[in-house]
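J.: My structure file query_6.txt, compact mmCIF, C-alpha atoms and all ligand atoms, is below:
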```txt
# COMPACT_ATOMS: atom_id res chain seq x y z
CA MET A 1 52.04 92.07 -210.30
CA ALA A 2 51.30 90.73 -206.80
CA ASP A 3 48.79 87.91 -206.46
CA LEU A 4 45.19 89.05 -206.55
CA LYS A 5 43.36 88.45 -203.28
CA GLY A 6 39.92 86.92 -203.52
CA ALA A 7 37.01 86.31 -201.15
CA LEU A 8 34.49 83.52 -201.69
CA ILE A 9 30.86 83.62 -200.55
CA GLY A 10 28.92 80.34 -200.29
CA CYS A 11 30.88 77.29 -199.06
CA GLY A 12 28.48 74.62 -200.32
CA PHE A 13 28.56 71.62 -202.67
CA PHE A 14 30.05 73.29 -205.76
CA ALA A 15 32.32 75.82 -204.00
CA ILE A 16 34.71 72.97 -203.15
CA ASN A 17 35.59 72.78 -206.85
CA GLN A 18 36.10 76.53 -207.02
CA MET A 19 38.35 76.47 -203.94
CA HIS A 20 40.48 73.65 -205.41
CA ALA A 21 40.75 75.51 -208.70
CA TRP A 22 41.80 78.75 -206.96
CA LYS A 23 44.70 76.80 -205.41
CA ASP A 24 45.81 75.82 -208.94
CA VAL A 25 45.32 79.20 -210.68
CA ASP A 26 48.53 81.24 -210.76
CA GLY A 27 48.26 84.88 -209.71
CA ALA A 28 45.33 84.67 -207.27
CA ALA A 29 44.58 83.31 -203.82
CA ILE A 30 41.47 83.19 -201.64
CA VAL A 31 42.09 85.10 -198.39
CA ALA A 32 38.58 85.18 -196.86
CA ILE A 33 35.44 83.04 -197.02
CA CYS A 34 31.83 83.55 -196.01
CA ASP A 35 28.85 81.27 -195.43
CA ARG A 36 25.80 81.97 -193.33
CA ASP A 37 26.03 78.33 -192.19
CA PRO A 38 28.90 78.16 -189.63
CA GLU A 39 29.31 74.43 -190.15
CA ARG A 40 29.99 74.77 -193.92
CA LEU A 41 32.24 77.75 -193.17
CA ASP A 42 34.42 75.69 -190.85
CA ILE A 43 34.53 72.63 -193.11
CA VAL A 44 35.80 74.71 -196.04
CA GLY A 45 37.99 76.93 -193.84
CA GLU A 46 39.76 73.89 -192.37
CA GLN A 47 40.04 72.01 -195.69
CA PHE A 48 41.66 74.96 -197.49
CA GLY A 49 43.44 76.64 -194.54
CA ILE A 50 41.52 79.95 -194.70
CA GLU A 51 41.56 81.84 -191.40
CA ARG A 52 39.37 84.85 -192.24
CA ARG A 53 35.85 83.43 -191.94
CA TYR A 54 32.53 85.31 -191.91
CA THR A 55 28.90 84.33 -191.52
CA ASP A 56 27.81 87.75 -192.82
CA ALA A 57 28.85 88.99 -196.26
CA ALA A 58 28.30 92.66 -195.29
CA ALA A 59 30.82 92.25 -192.45
CA MET A 60 33.35 90.69 -194.84
CA PHE A 61 32.97 93.54 -197.35
CA ALA A 62 33.25 96.11 -194.52
CA ASP A 63 36.59 94.56 -193.43
CA GLY A 64 37.80 94.46 -197.06
CA GLY A 65 41.35 93.43 -197.94
CA PHE A 66 40.48 91.59 -201.16
CA ASP A 67 40.54 92.49 -204.88
CA PHE A 68 37.60 90.39 -206.10
CA VAL A 69 34.72 88.33 -204.80
CA ASP A 70 33.61 84.89 -206.05
CA ILE A 71 29.88 84.40 -205.32
CA ALA A 72 29.12 80.65 -205.14
CA THR A 73 25.73 80.80 -203.40
CA THR A 74 22.45 79.62 -204.93
CA VAL A 75 20.43 82.07 -207.03
CA GLN A 76 18.25 83.62 -204.30
CA SER A 77 21.15 85.69 -202.92
CA HIS A 78 22.88 86.60 -206.22
CA ARG A 79 21.31 90.03 -206.77
CA ALA A 80 21.92 91.28 -203.22
CA LEU A 81 25.52 90.01 -203.19
CA VAL A 82 26.43 91.36 -206.64
CA GLU A 83 24.96 94.75 -205.69
CA MET A 84 26.91 94.63 -202.42
CA ALA A 85 30.12 94.01 -204.40
CA ALA A 86 29.25 96.93 -206.70
CA SER A 87 28.62 99.24 -203.74
CA HIS A 88 32.15 98.41 -202.47
CA LYS A 89 33.60 98.62 -206.03
CA ILE A 90 34.87 95.04 -205.81
CA PRO A 91 35.02 93.06 -209.13
CA ALA A 92 32.67 90.09 -208.93
CA ILE A 93 32.22 86.59 -210.28
CA CYS A 94 28.69 85.23 -209.84
CA GLN A 95 27.59 81.59 -210.24
CA LYS A 96 24.86 80.59 -212.68
CA PRO A 97 21.92 80.93 -212.82
CA PHE A 98 22.95 84.59 -212.69
CA ALA A 99 19.57 85.80 -211.40
CA ARG A 100 16.01 84.79 -210.68
CA THR A 101 14.62 86.97 -213.47
CA LEU A 102 15.90 88.91 -216.48
CA VAL A 103 14.82 92.13 -214.73
CA ASP A 104 17.13 91.29 -211.80
CA ALA A 105 19.94 90.28 -214.18
CA LYS A 106 19.73 93.60 -216.03
CA ALA A 107 19.76 95.52 -212.72
CA MET A 108 22.88 93.60 -211.58
CA VAL A 109 24.70 94.35 -214.83
CA GLU A 110 23.73 98.02 -214.54
CA ALA A 111 24.93 98.23 -210.90
CA CYS A 112 28.36 96.89 -211.92
CA ARG A 113 28.53 99.16 -214.97
CA LYS A 114 27.80 102.21 -212.80
CA ALA A 115 30.40 101.10 -210.23
CA GLY A 116 32.92 100.54 -213.04
CA ILE A 117 33.71 96.99 -211.90
CA PRO A 118 34.22 93.84 -214.01
CA LEU A 119 31.46 91.24 -213.62
CA MET A 120 31.75 87.65 -214.86
CA VAL A 121 29.10 84.96 -214.66
CA HIS A 122 30.61 81.58 -213.74
CA GLU A 123 29.25 80.03 -216.96
CA ASN A 124 31.95 77.38 -217.22
CA PHE A 125 30.54 74.74 -219.61
CA ARG A 126 31.77 76.55 -222.74
CA TRP A 127 35.27 76.27 -221.21
CA GLN A 128 35.16 72.45 -221.28
CA THR A 129 37.95 70.88 -223.36
CA PRO A 130 35.58 69.08 -225.81
CA ILE A 131 33.45 72.22 -226.36
CA GLN A 132 36.55 74.34 -227.04
CA ALA A 133 37.73 71.64 -229.47
CA VAL A 134 34.45 71.82 -231.43
CA ARG A 135 34.72 75.60 -231.59
CA ARG A 136 38.30 75.40 -232.90
CA LEU A 137 37.23 72.90 -235.59
CA LEU A 138 34.40 75.16 -236.71
CA ASP A 139 36.76 78.18 -236.78
CA SER A 140 39.19 76.18 -238.95
CA THR A 141 36.40 76.06 -241.60
CA ALA A 142 36.77 72.25 -241.70
CA ILE A 143 33.03 71.91 -242.41
CA GLY A 144 32.48 75.17 -244.29
CA ILE A 145 29.50 77.25 -243.17
CA PRO A 146 27.28 75.58 -240.55
CA PHE A 147 23.56 75.41 -241.37
CA TRP A 148 22.23 73.13 -238.58
CA GLY A 149 23.21 72.09 -235.05
CA ARG A 150 22.15 69.99 -232.10
CA PHE A 151 23.33 70.40 -228.50
CA SER A 152 22.18 67.49 -226.41
CA PHE A 153 22.46 66.58 -222.70
CA ARG A 154 20.43 63.48 -221.84
CA SER A 155 21.12 61.69 -218.56
CA GLY A 156 19.64 59.68 -215.72
CA TYR A 157 22.32 60.74 -213.22
CA ASP A 158 21.12 61.45 -209.67
CA VAL A 159 21.92 65.14 -209.25
CA PHE A 160 19.48 65.46 -206.34
CA SER A 161 21.62 63.69 -203.73
CA GLY A 162 24.39 66.33 -204.01
CA GLN A 163 22.06 69.26 -204.74
CA PRO A 164 18.71 68.53 -202.98
CA TYR A 165 17.35 72.03 -203.76
CA LEU A 166 17.15 71.00 -207.44
CA ALA A 167 14.13 68.81 -206.60
CA GLU A 168 12.33 71.63 -204.82
CA GLY A 169 12.08 74.53 -207.28
CA GLU A 170 9.16 75.21 -209.63
CA ARG A 171 11.83 75.40 -212.36
CA PHE A 172 14.50 72.74 -212.78
CA ILE A 173 16.35 71.57 -215.84
CA ILE A 174 16.31 74.66 -218.08
CA GLU A 175 17.34 76.98 -215.24
CA ASP A 176 19.92 74.59 -213.78
CA LEU A 177 21.48 72.67 -216.68
CA GLY A 178 19.85 73.84 -219.92
CA ILE A 179 21.27 77.29 -219.17
CA HIS A 180 24.73 75.80 -219.89
CA THR A 181 23.55 74.02 -223.04
CA LEU A 182 21.93 77.21 -224.34
CA ASP A 183 25.16 79.09 -223.63
CA ILE A 184 27.13 76.46 -225.57
CA ALA A 185 24.70 76.85 -228.51
CA ARG A 186 25.35 80.62 -228.46
CA PHE A 187 29.11 80.08 -228.12
CA ILE A 188 29.20 77.75 -231.13
CA LEU A 189 26.53 79.18 -233.46
CA GLY A 190 26.07 82.77 -232.26
CA ASP A 191 23.20 84.79 -230.82
CA VAL A 192 19.58 83.83 -231.12
CA LYS A 193 16.62 85.67 -232.69
CA THR A 194 13.67 83.48 -231.74
CA LEU A 195 13.05 80.40 -229.59
CA THR A 196 10.35 77.73 -229.25
CA ALA A 197 10.31 75.25 -226.34
CA ARG A 198 8.40 72.28 -224.97
CA THR A 199 8.93 70.83 -221.48
CA LYS A 200 7.85 67.82 -219.40
CA ARG A 201 8.21 66.50 -215.88
CA VAL A 202 8.82 62.74 -215.87
CA ASN A 203 10.23 62.19 -212.35
CA PRO A 204 7.24 62.35 -209.94
CA ASN A 205 9.51 63.15 -206.98
CA ILE A 206 10.55 66.61 -208.14
CA LYS A 207 8.59 69.84 -208.69
CA GLY A 208 10.06 71.25 -211.87
CA GLU A 209 10.50 70.10 -215.47
CA ASP A 210 13.20 67.48 -216.10
CA VAL A 211 12.91 67.34 -219.92
CA ALA A 212 13.10 70.22 -222.40
CA THR A 213 13.31 70.46 -226.19
CA ILE A 214 14.19 73.89 -227.54
CA LEU A 215 14.35 75.13 -231.14
CA LEU A 216 16.66 78.11 -231.77
CA ASP A 217 16.73 80.44 -234.79
CA HIS A 218 20.20 81.98 -234.71
CA GLU A 219 20.88 85.49 -236.07
CA SER A 220 23.16 83.91 -238.69
CA GLY A 221 20.20 81.97 -240.14
CA VAL A 222 21.36 78.65 -238.64
CA THR A 223 18.73 76.47 -236.94
CA SER A 224 19.65 74.44 -233.87
CA VAL A 225 18.03 72.16 -231.32
CA VAL A 226 18.92 72.14 -227.62
CA ASP A 227 17.55 69.04 -225.91
CA VAL A 228 18.12 68.29 -222.24
CA SER A 229 16.83 65.55 -219.95
CA TYR A 230 17.47 64.14 -216.48
CA ALA A 231 14.90 61.39 -217.11
CA THR A 232 16.88 59.42 -219.69
CA LYS A 233 18.26 56.07 -218.54
CA LEU A 234 20.95 54.82 -220.91
CA GLY A 235 23.16 51.72 -221.02
CA THR A 236 26.22 53.91 -220.48
CA GLU A 237 25.50 56.99 -218.37
CA PRO A 238 27.01 60.00 -220.18
CA PHE A 239 26.82 62.57 -217.32
CA PRO A 240 27.99 65.31 -217.62
CA GLU A 241 28.75 65.26 -221.34
CA THR A 242 27.17 67.66 -223.83
CA LEU A 243 26.91 65.95 -227.22
CA ILE A 244 27.09 68.08 -230.35
CA GLU A 245 26.11 67.59 -234.00
CA LEU A 246 26.94 70.23 -236.58
CA ASP A 247 26.19 70.06 -240.29
CA GLY A 248 28.02 72.47 -242.58
CA THR A 249 28.21 73.19 -246.30
CA ASP A 250 31.45 71.16 -246.59
CA GLY A 251 31.09 68.50 -243.90
CA THR A 252 29.99 67.51 -240.40
CA ILE A 253 31.25 67.52 -236.82
CA ARG A 254 30.05 65.00 -234.24
CA LEU A 255 31.02 65.13 -230.55
CA SER A 256 29.68 61.88 -229.16
CA ALA A 257 29.72 59.99 -225.86
CA GLY A 258 33.17 59.23 -224.46
CA TYR A 259 34.47 62.58 -225.81
CA ARG A 260 34.80 61.11 -229.31
CA LEU A 261 35.22 63.94 -231.81
CA GLU A 262 34.67 63.15 -235.48
CA VAL A 263 35.02 65.51 -238.42
CA THR A 264 34.05 64.54 -241.95
CA ASN A 265 34.70 66.51 -245.11
CA ALA A 266 36.01 66.01 -248.65
CA ALA A 267 39.36 64.86 -247.22
CA GLY A 268 37.68 61.98 -245.34
CA THR A 269 36.84 61.34 -241.69
CA VAL A 270 39.17 62.10 -238.79
CA VAL A 271 38.41 60.91 -235.26
CA SER A 272 40.15 62.34 -232.20
CA ASP A 273 39.88 62.12 -228.43
CA ALA A 274 38.61 65.35 -226.87
CA SER A 275 38.70 64.07 -223.28
CA PRO A 276 39.27 66.54 -220.47
CA GLN A 277 42.24 66.19 -218.13
CA LEU A 278 41.74 64.58 -214.75
CA LEU A 279 43.12 67.33 -212.48
CA SER A 280 44.82 66.17 -209.26
CA TRP A 281 41.78 67.03 -207.11
CA ALA A 282 39.12 66.00 -209.63
CA SER A 283 37.01 62.84 -209.74
CA ARG A 284 35.12 61.10 -212.54
CA PRO A 285 32.58 61.78 -213.97
CA TRP A 286 32.76 65.40 -212.74
CA HIS A 287 36.31 65.97 -214.08
CA ASN A 288 35.00 67.57 -217.29
CA ILE A 289 33.14 70.24 -215.29
CA GLN A 290 35.97 70.54 -212.76
CA GLU A 291 38.56 71.25 -215.46
CA SER A 292 36.31 73.98 -216.87
CA VAL A 293 36.09 75.60 -213.43
CA TYR A 294 39.88 75.92 -213.42
CA ALA A 295 39.80 77.29 -217.00
CA ILE A 296 37.19 79.99 -216.32
CA GLN A 297 38.87 81.13 -213.10
CA LYS A 298 42.23 81.34 -214.92
CA HIS A 299 40.49 83.45 -217.60
CA TRP A 300 39.12 85.80 -214.90
CA VAL A 301 42.60 86.37 -213.43
CA ASP A 302 44.00 86.96 -216.91
CA ARG A 303 41.29 89.56 -217.65
CA LEU A 304 41.66 91.30 -214.27
CA LYS A 305 45.42 91.57 -214.75
CA ASN A 306 45.56 92.34 -218.46
CA GLY A 307 42.20 94.05 -219.08
CA GLY A 308 39.39 93.13 -221.47
CA GLU A 309 35.87 91.87 -220.89
CA PRO A 310 35.53 88.28 -219.64
CA ALA A 311 34.00 85.96 -222.27
CA THR A 312 31.00 85.31 -220.02
CA SER A 313 30.64 88.85 -218.68
CA GLY A 314 27.36 89.96 -217.13
CA VAL A 315 26.52 91.73 -220.40
CA ASP A 316 27.18 88.56 -222.41
CA ASN A 317 25.23 86.39 -220.00
CA LEU A 318 22.06 88.50 -220.38
CA LYS A 319 21.78 86.91 -223.84
CA THR A 320 22.01 83.40 -222.38
CA PHE A 321 19.70 84.23 -219.48
CA ALA A 322 17.11 85.65 -221.90
CA LEU A 323 17.04 82.22 -223.59
CA VAL A 324 16.17 80.61 -220.26
CA GLU A 325 13.28 83.01 -219.67
CA ALA A 326 12.15 82.69 -223.28
CA ALA A 327 12.14 78.89 -222.98
CA TYR A 328 9.86 78.97 -219.93
CA ASP A 329 7.60 81.57 -221.62
CA SER A 330 7.39 79.50 -224.78
CA ALA A 331 6.69 76.24 -222.92
CA ALA A 332 3.90 77.96 -220.96
CA SER A 333 2.28 79.78 -223.88
CA GLY A 334 3.04 77.38 -226.73
CA LYS A 335 4.31 80.38 -228.70
CA THR A 336 7.58 81.27 -230.39
CA ILE A 337 9.36 84.00 -228.43
CA ASP A 338 11.18 87.01 -229.92
CA VAL A 339 14.41 86.89 -227.90
CA GLU A 340 15.92 90.06 -229.35
CA ALA A 341 12.91 92.04 -228.09
CA MET A 342 13.64 90.89 -224.53
CA LEU A 343 17.13 92.42 -224.44
P1 LIG A 401 24.70 74.72 -201.87
O1 LIG A 401 23.34 74.97 -201.32
O2 LIG A 401 25.36 73.41 -201.61
O3 LIG A 401 25.70 75.85 -201.35
C1 LIG A 401 25.36 77.20 -201.26
C2 LIG A 401 25.97 77.74 -199.98
O4 LIG A 401 25.75 79.16 -199.96
C3 LIG A 401 25.33 77.17 -198.72
O5 LIG A 401 26.35 76.66 -197.88
C4 LIG A 401 24.60 78.36 -198.09
O6 LIG A 401 24.62 78.33 -196.67
C5 LIG A 401 25.41 79.53 -198.63
N1 LIG A 401 24.66 80.80 -198.72
C6 LIG A 401 23.46 81.01 -199.32
N2 LIG A 401 23.12 82.31 -199.24
C7 LIG A 401 24.12 82.93 -198.59
C8 LIG A 401 24.36 84.28 -198.21
N3 LIG A 401 23.49 85.26 -198.50
N4 LIG A 401 25.50 84.57 -197.55
C9 LIG A 401 26.39 83.60 -197.23
N5 LIG A 401 26.21 82.30 -197.57
C10 LIG A 401 25.11 81.98 -198.23
O7 LIG A 401 24.60 75.02 -203.42
P2 LIG A 401 25.59 74.49 -204.57
O8 LIG A 401 25.08 73.21 -205.09
O9 LIG A 401 26.99 74.63 -204.13
O10 LIG A 401 25.28 75.57 -205.72
C11 LIG A 401 25.72 76.89 -205.63
C12 LIG A 401 25.57 77.53 -207.00
O11 LIG A 401 26.45 76.86 -207.89
C13 LIG A 401 24.17 77.38 -207.60
O12 LIG A 401 23.80 78.61 -208.18
C14 LIG A 401 24.30 76.28 -208.64
O13 LIG A 401 23.44 76.42 -209.73
C15 LIG A 401 25.74 76.47 -209.05
N6 LIG A 401 26.37 75.28 -209.64
C16 LIG A 401 27.12 75.48 -210.73
C17 LIG A 401 27.74 74.42 -211.36
C18 LIG A 401 28.57 74.71 -212.58
O14 LIG A 401 29.07 73.81 -213.22
N7 LIG A 401 28.75 75.97 -212.93
C19 LIG A 401 27.58 73.13 -210.86
C20 LIG A 401 26.82 72.95 -209.70
C21 LIG A 401 26.22 74.05 -209.08
O1 LIG A 402 23.87 72.43 -211.10
C1 LIG A 402 24.26 71.82 -212.30
C2 LIG A 402 25.33 72.43 -213.08
O2 LIG A 402 25.51 73.61 -213.21
O3 LIG A 402 26.06 71.46 -213.71
C3 LIG A 402 25.57 70.17 -213.40
C4 LIG A 402 24.72 70.37 -212.16
O4 LIG A 402 25.54 70.19 -211.02
C5 LIG A 402 23.53 69.44 -212.03
O5 LIG A 402 22.65 69.62 -213.09
```
Would you encode the structure as C-alpha cells?

T.:
Amino acid sequence: MADLKGALIGCGFFAINQMHAWKDVDGAAIVAICDRDPERLDIVGEQFGIERRYTDAAAMFADGGFDFVDIATTVQSHRALVEMAASHKIPAICQKPFARTLVDAKAMVEACRKAGIPLMVHENFRWQTPIQAVRRLLDSTAIGIPFWGRFSFRSGYDVFSGQPYLAEGERFIIEDLGIHTLDIARFILGDVKTLTARTKRVNPNIKGEDVATILLDHESGVTSVVDVSYATKLGTEPFPETLIELDGTDGTIRLSAGYRLEVTNAAGTVVSDASPQLLSWASRPWHNIQESVYAIQKHWVDRLKNGGEPATSGVDNLKTFALVEAAYDSAASGKTIDVEAML
C-alpha cells in the first residue's frame, strides 16, 4: 500500500516531536502543515521541508490531498478541529487533553462515529518502554493476581519555560500530566468504578493545582493510588518518569527511578533495565516521552492500514477523561465520585 499522507495542525512546542517521529514511521509522511501563527508555521515548514503550509485549518481541509490529520494544538481548539475532520471524513489523531469537558469529548467521539472515521487520542505515556515492560510482566502472571498499585509522578522540573500556558489555566497537573498517569493506571489495572481526590497548589506563581493524590477503586476490585506533583524537589530529578508499585498474590513489581524494574516472587528477585531508547533526534530527559510518540504514531499507521481500533481510541479515552473530571469534582466536593455513572 502507498504511504499514507498526513496533515498536522499546530506547529508548537510538542509538535516538533511528532514531526520527527513521522519522519521515522514507515508507511506515512506529512504533506501539509497548519498553524495560525505564521512564524511557527515557517519554522516547522523549513525544519521538516514541508511546502504546503496553511494558517487556516478550514482552507487546508478544503484543499484536501491527505489521508489523516494529526491535531497537535492545545485543548481549546480540539473540538472544532476534530469535528472539522469528521465533516471531511478524514481520520484524526488528537492530542491530550482530548477536550475541555466530558460533554465535548462525548460529542467529538459521536461526530467521528457518525462520519465513520477512526479517531485516536495521542495518549502516548502507556506506550513508554518501561510501562509496556510492567504490563508484560503482569500479563506473564509473575506476581499472580494484583491487589494493590501505585502510579507516581513526583517532580520539580520546570515545565513552564517550554509550555508557559501551563501556569495560566485554572486547572494544571491533573489535566496536563495526571491524565497520563490515570491512563497508565487504567492500562495496567483496568477500568475504574469510583475515585476520590485531594489537590493542592504549592507554587505561588501558577494558577492551578500542582499536587494531586487520587484513590481509584478498579472494577476488578484492585485499589490503586495515583499521586502526581510538580512541587517535589528531589536530589535526583526523575522527570519524566512514572514510578510504579504493584503488589500481587504471588509477588511484587517495582519500577523505580532510573528505569530500574524489579520483580520478586517465590523464585527470588530479578532486576532489569527498562530504559527507553535514545532515538536519533531525541534528547534527555525527554527521550522516554519522545520514544513513546514514535510508538503511538507507528500504532496509528498500523491500525489505519490493517484495521482495528487504536488502543487509545476516542471511545477508550472517554474512560480516562472521565477520571480527570471526576478528580476535579472530588477535590472540589470532598466526595467520592461514581465514575461509571459519568460514562
Ligand atoms: P503550543 O502552544 O506550543 O503549540 C500549539 C500550537 O497550535 C501553537 O503554535 C498555536 O499557534 C497553534 N494553534 C492553536 N490553535 C490553532 C488552530 N485553531 N489552528 C491552527 N493552529 C492553532 O502547545 P504545545 O506545548 O505544543 O502543546 C500542544 C498539545 O500537546 C497540548 O494539548 C499539550 O497538552 C500536548 N502535549 C502533549 C504531550 C505528550 O506527551 N502527549 C507533551 C507536551 C504537550
Ligand atoms: O504537557 C505535559 C505532557 O503531556 O507530558 C509532560 C508535559 O510536557 C509537561 O507536564

J.: Go ahead and compute the interatomic distance for atom C12 of ligand LIG 401 (chain A) and atom CA of Ala15 of chain A, in Å to one decimal.

T.: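 Taking atom C12 of ligand LIG 401 (chain A) and atom CA of Ala15 of chain A, their separation equals 7.6 Å.
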
J.: Please identify every polymer residue within 9 Å of ligand LIG 401 (chain A), using all atoms listed in the file, and present the set as a PDB file with C-alpha atoms, keeping the file's coordinate frame.

T.:
```pdb
ATOM      1  CA  ILE A   9      30.860  83.620-200.550  1.00  0.00           C
ATOM      2  CA  GLY A  10      28.920  80.340-200.290  1.00  0.00           C
ATOM      3  CA  CYS A  11      30.880  77.290-199.060  1.00  0.00           C
ATOM      4  CA  GLY A  12      28.480  74.620-200.320  1.00  0.00           C
ATOM      5  CA  PHE A  13      28.560  71.620-202.670  1.00  0.00           C
ATOM      6  CA  PHE A  14      30.050  73.290-205.760  1.00  0.00           C
ATOM      7  CA  ALA A  15      32.320  75.820-204.000  1.00  0.00           C
ATOM      8  CA  ILE A  16      34.710  72.970-203.150  1.00  0.00           C
ATOM      9  CA  ASN A  17      35.590  72.780-206.850  1.00  0.00           C
ATOM     10  CA  CYS A  34      31.830  83.550-196.010  1.00  0.00           C
ATOM     11  CA  ASP A  35      28.850  81.270-195.430  1.00  0.00           C
ATOM     12  CA  ARG A  36      25.800  81.970-193.330  1.00  0.00           C
ATOM     13  CA  ASP A  37      26.030  78.330-192.190  1.00  0.00           C
ATOM     14  CA  PRO A  38      28.900  78.160-189.630  1.00  0.00           C
ATOM     15  CA  GLU A  39      29.310  74.430-190.150  1.00  0.00           C
ATOM     16  CA  ARG A  40      29.990  74.770-193.920  1.00  0.00           C
ATOM     17  CA  LEU A  41      32.240  77.750-193.170  1.00  0.00           C
ATOM     18  CA  TYR A  54      32.530  85.310-191.910  1.00  0.00           C
ATOM     19  CA  THR A  55      28.900  84.330-191.520  1.00  0.00           C
ATOM     20  CA  ASP A  56      27.810  87.750-192.820  1.00  0.00           C
ATOM     21  CA  ALA A  57      28.850  88.990-196.260  1.00  0.00           C
ATOM     22  CA  ALA A  58      28.300  92.660-195.290  1.00  0.00           C
ATOM     23  CA  ILE A  71      29.880  84.400-205.320  1.00  0.00           C
ATOM     24  CA  ALA A  72      29.120  80.650-205.140  1.00  0.00           C
ATOM     25  CA  THR A  73      25.730  80.800-203.400  1.00  0.00           C
ATOM     26  CA  THR A  74      22.450  79.620-204.930  1.00  0.00           C
ATOM     27  CA  VAL A  75      20.430  82.070-207.030  1.00  0.00           C
ATOM     28  CA  GLN A  76      18.250  83.620-204.300  1.00  0.00           C
ATOM     29  CA  SER A  77      21.150  85.690-202.920  1.00  0.00           C
ATOM     30  CA  HIS A  78      22.880  86.600-206.220  1.00  0.00           C
ATOM     31  CA  ALA A  80      21.920  91.280-203.220  1.00  0.00           C
ATOM     32  CA  LEU A  81      25.520  90.010-203.190  1.00  0.00           C
ATOM     33  CA  CYS A  94      28.690  85.230-209.840  1.00  0.00           C
ATOM     34  CA  GLN A  95      27.590  81.590-210.240  1.00  0.00           C
ATOM     35  CA  LYS A  96      24.860  80.590-212.680  1.00  0.00           C
ATOM     36  CA  PRO A  97      21.920  80.930-212.820  1.00  0.00           C
ATOM     37  CA  PHE A  98      22.950  84.590-212.690  1.00  0.00           C
ATOM     38  CA  ALA A  99      19.570  85.800-211.400  1.00  0.00           C
ATOM     39  CA  HIS A 122      30.610  81.580-213.740  1.00  0.00           C
ATOM     40  CA  GLU A 123      29.250  80.030-216.960  1.00  0.00           C
ATOM     41  CA  ASN A 124      31.950  77.380-217.220  1.00  0.00           C
ATOM     42  CA  PHE A 125      30.540  74.740-219.610  1.00  0.00           C
ATOM     43  CA  GLY A 162      24.390  66.330-204.010  1.00  0.00           C
ATOM     44  CA  GLN A 163      22.060  69.260-204.740  1.00  0.00           C
ATOM     45  CA  PRO A 164      18.710  68.530-202.980  1.00  0.00           C
ATOM     46  CA  TYR A 165      17.350  72.030-203.760  1.00  0.00           C
ATOM     47  CA  LEU A 166      17.150  71.000-207.440  1.00  0.00           C
ATOM     48  CA  GLU A 175      17.340  76.980-215.240  1.00  0.00           C
ATOM     49  CA  ASP A 176      19.920  74.590-213.780  1.00  0.00           C
ATOM     50  CA  LEU A 177      21.480  72.670-216.680  1.00  0.00           C
ATOM     51  CA  HIS A 180      24.730  75.800-219.890  1.00  0.00           C
ATOM     52  CA  ILE A 289      33.140  70.240-215.290  1.00  0.00           C
ATOM     53  CA  GLN A 290      35.970  70.540-212.760  1.00  0.00           C
ATOM     54  CA  SER A 292      36.310  73.980-216.870  1.00  0.00           C
ATOM     55  CA  VAL A 293      36.090  75.600-213.430  1.00  0.00           C
TER      56      VAL A 293
END
```

J.: Which neighbours of Thr232 of chain A fall inside 6 Å, counting all atoms listed in the file, when residues of the same chain fewer than 5 positions from it are skipped, and could you give them as JSON, numbers by chain?

T.: {"A": [154, 155, 156]}

J.: For Ala332 of chain A, which of A:Thr199, A:Thr101, A:Thr181, A:Gln128 is the closest residue, counting only C-alpha atoms?

T.: A:Thr199

J.: Counting all atoms listed in the file, which residues have an atom no more than 12 Å from (44.5, 66.9, -212.1) in the file's coordinates? Please list them as JSON, numbers by chain.

T.: {"A": [17, 20, 21, 23, 24, 276, 277, 278, 279, 280, 281, 282, 283, 284, 286, 287, 288, 290, 291, 292, 294]}

J.: Do you have, as CSV, the list of residues of segment 164-279 of chain A lying at most 12 Å from segment 325-331 of chain A, each with its nearest atom pair and that distance in Å to one decimal, counting only C-alpha atoms and ordered by chain then number?

T.:
```
residue,atom,partner,partner_atom,distance
A:Glu170,CA,A:Tyr328,CA,11.0
A:Arg171,CA,A:Tyr328,CA,8.6
A:Phe172,CA,A:Tyr328,CA,10.6
A:Ile173,CA,A:Tyr328,CA,10.7
A:Ile174,CA,A:Ala327,CA,7.7
A:Glu175,CA,A:Glu325,CA,8.5
A:Gly178,CA,A:Ala327,CA,9.7
A:Ile179,CA,A:Glu325,CA,9.8
A:Leu182,CA,A:Ala327,CA,10.0
A:Val192,CA,A:Ala326,CA,10.9
A:Lys193,CA,A:Ala326,CA,10.8
A:Thr194,CA,A:Ala326,CA,8.6
A:Leu195,CA,A:Ala326,CA,6.8
A:Thr196,CA,A:Ser330,CA,5.6
A:Ala197,CA,A:Ala331,CA,5.1
A:Arg198,CA,A:Ala331,CA,4.8
A:Thr199,CA,A:Ala331,CA,6.0
A:Lys200,CA,A:Ala331,CA,9.2
A:Gly208,CA,A:Tyr328,CA,11.2
A:Glu209,CA,A:Tyr328,CA,9.9
A:Val211,CA,A:Ala331,CA,11.3
A:Ala212,CA,A:Ala327,CA,8.7
A:Thr213,CA,A:Ala327,CA,9.1
A:Ile214,CA,A:Ala327,CA,7.1
A:Leu215,CA,A:Ala327,CA,9.3
A:Leu216,CA,A:Ala327,CA,9.9
A:Val226,CA,A:Ala327,CA,10.6
A:Asp227,CA,A:Ala327,CA,11.6
```

J.: Neighbouring residues of Gly64 of chain A were defined as those with any atom within 10 Å, considering all atoms listed in the file; residues of the same chain fewer than 5 positions away were excluded. Please report them as a list in words.

T.: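 Once the adjacent positions are removed, what remains is Ala7, Ala32, Ala58, Ala59, His88 and Ile90 of chain A.
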
J.: Filtering to C-alpha atoms, could you give me those residues as a short mmCIF file (atom, residue, chain, number, x, y, z; two decimals), in the coordinates of the input?

T.:
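Output contents, as saved in part03.cif:
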```
data_model
loop_
_atom_site.label_atom_id
_atom_site.label_comp_id
_atom_site.auth_asym_id
_atom_site.auth_seq_id
_atom_site.Cartn_x
_atom_site.Cartn_y
_atom_site.Cartn_z
CA ALA A 7 37.01 86.31 -201.15
CA ALA A 32 38.58 85.18 -196.86
CA ALA A 58 28.30 92.66 -195.29
CA ALA A 59 30.82 92.25 -192.45
CA HIS A 88 32.15 98.41 -202.47
CA ILE A 90 34.87 95.04 -205.81
#
```

J.: Choose the residue, out of A:Phe160, A:Phe187, A:Tyr230, A:Phe321, that has the smallest atom-to-atom separation from Asp139 of chain A; count only C-alpha atoms.

T.: A:Phe187

J.: Given the choices A:Ser275, A:Asn205, A:Ser161, A:Thr249, which gets closest to ligand LIG 402 (chain A) if the distance is worked out from only C-alpha atoms and all ligand atoms?

T.: A:Ser161
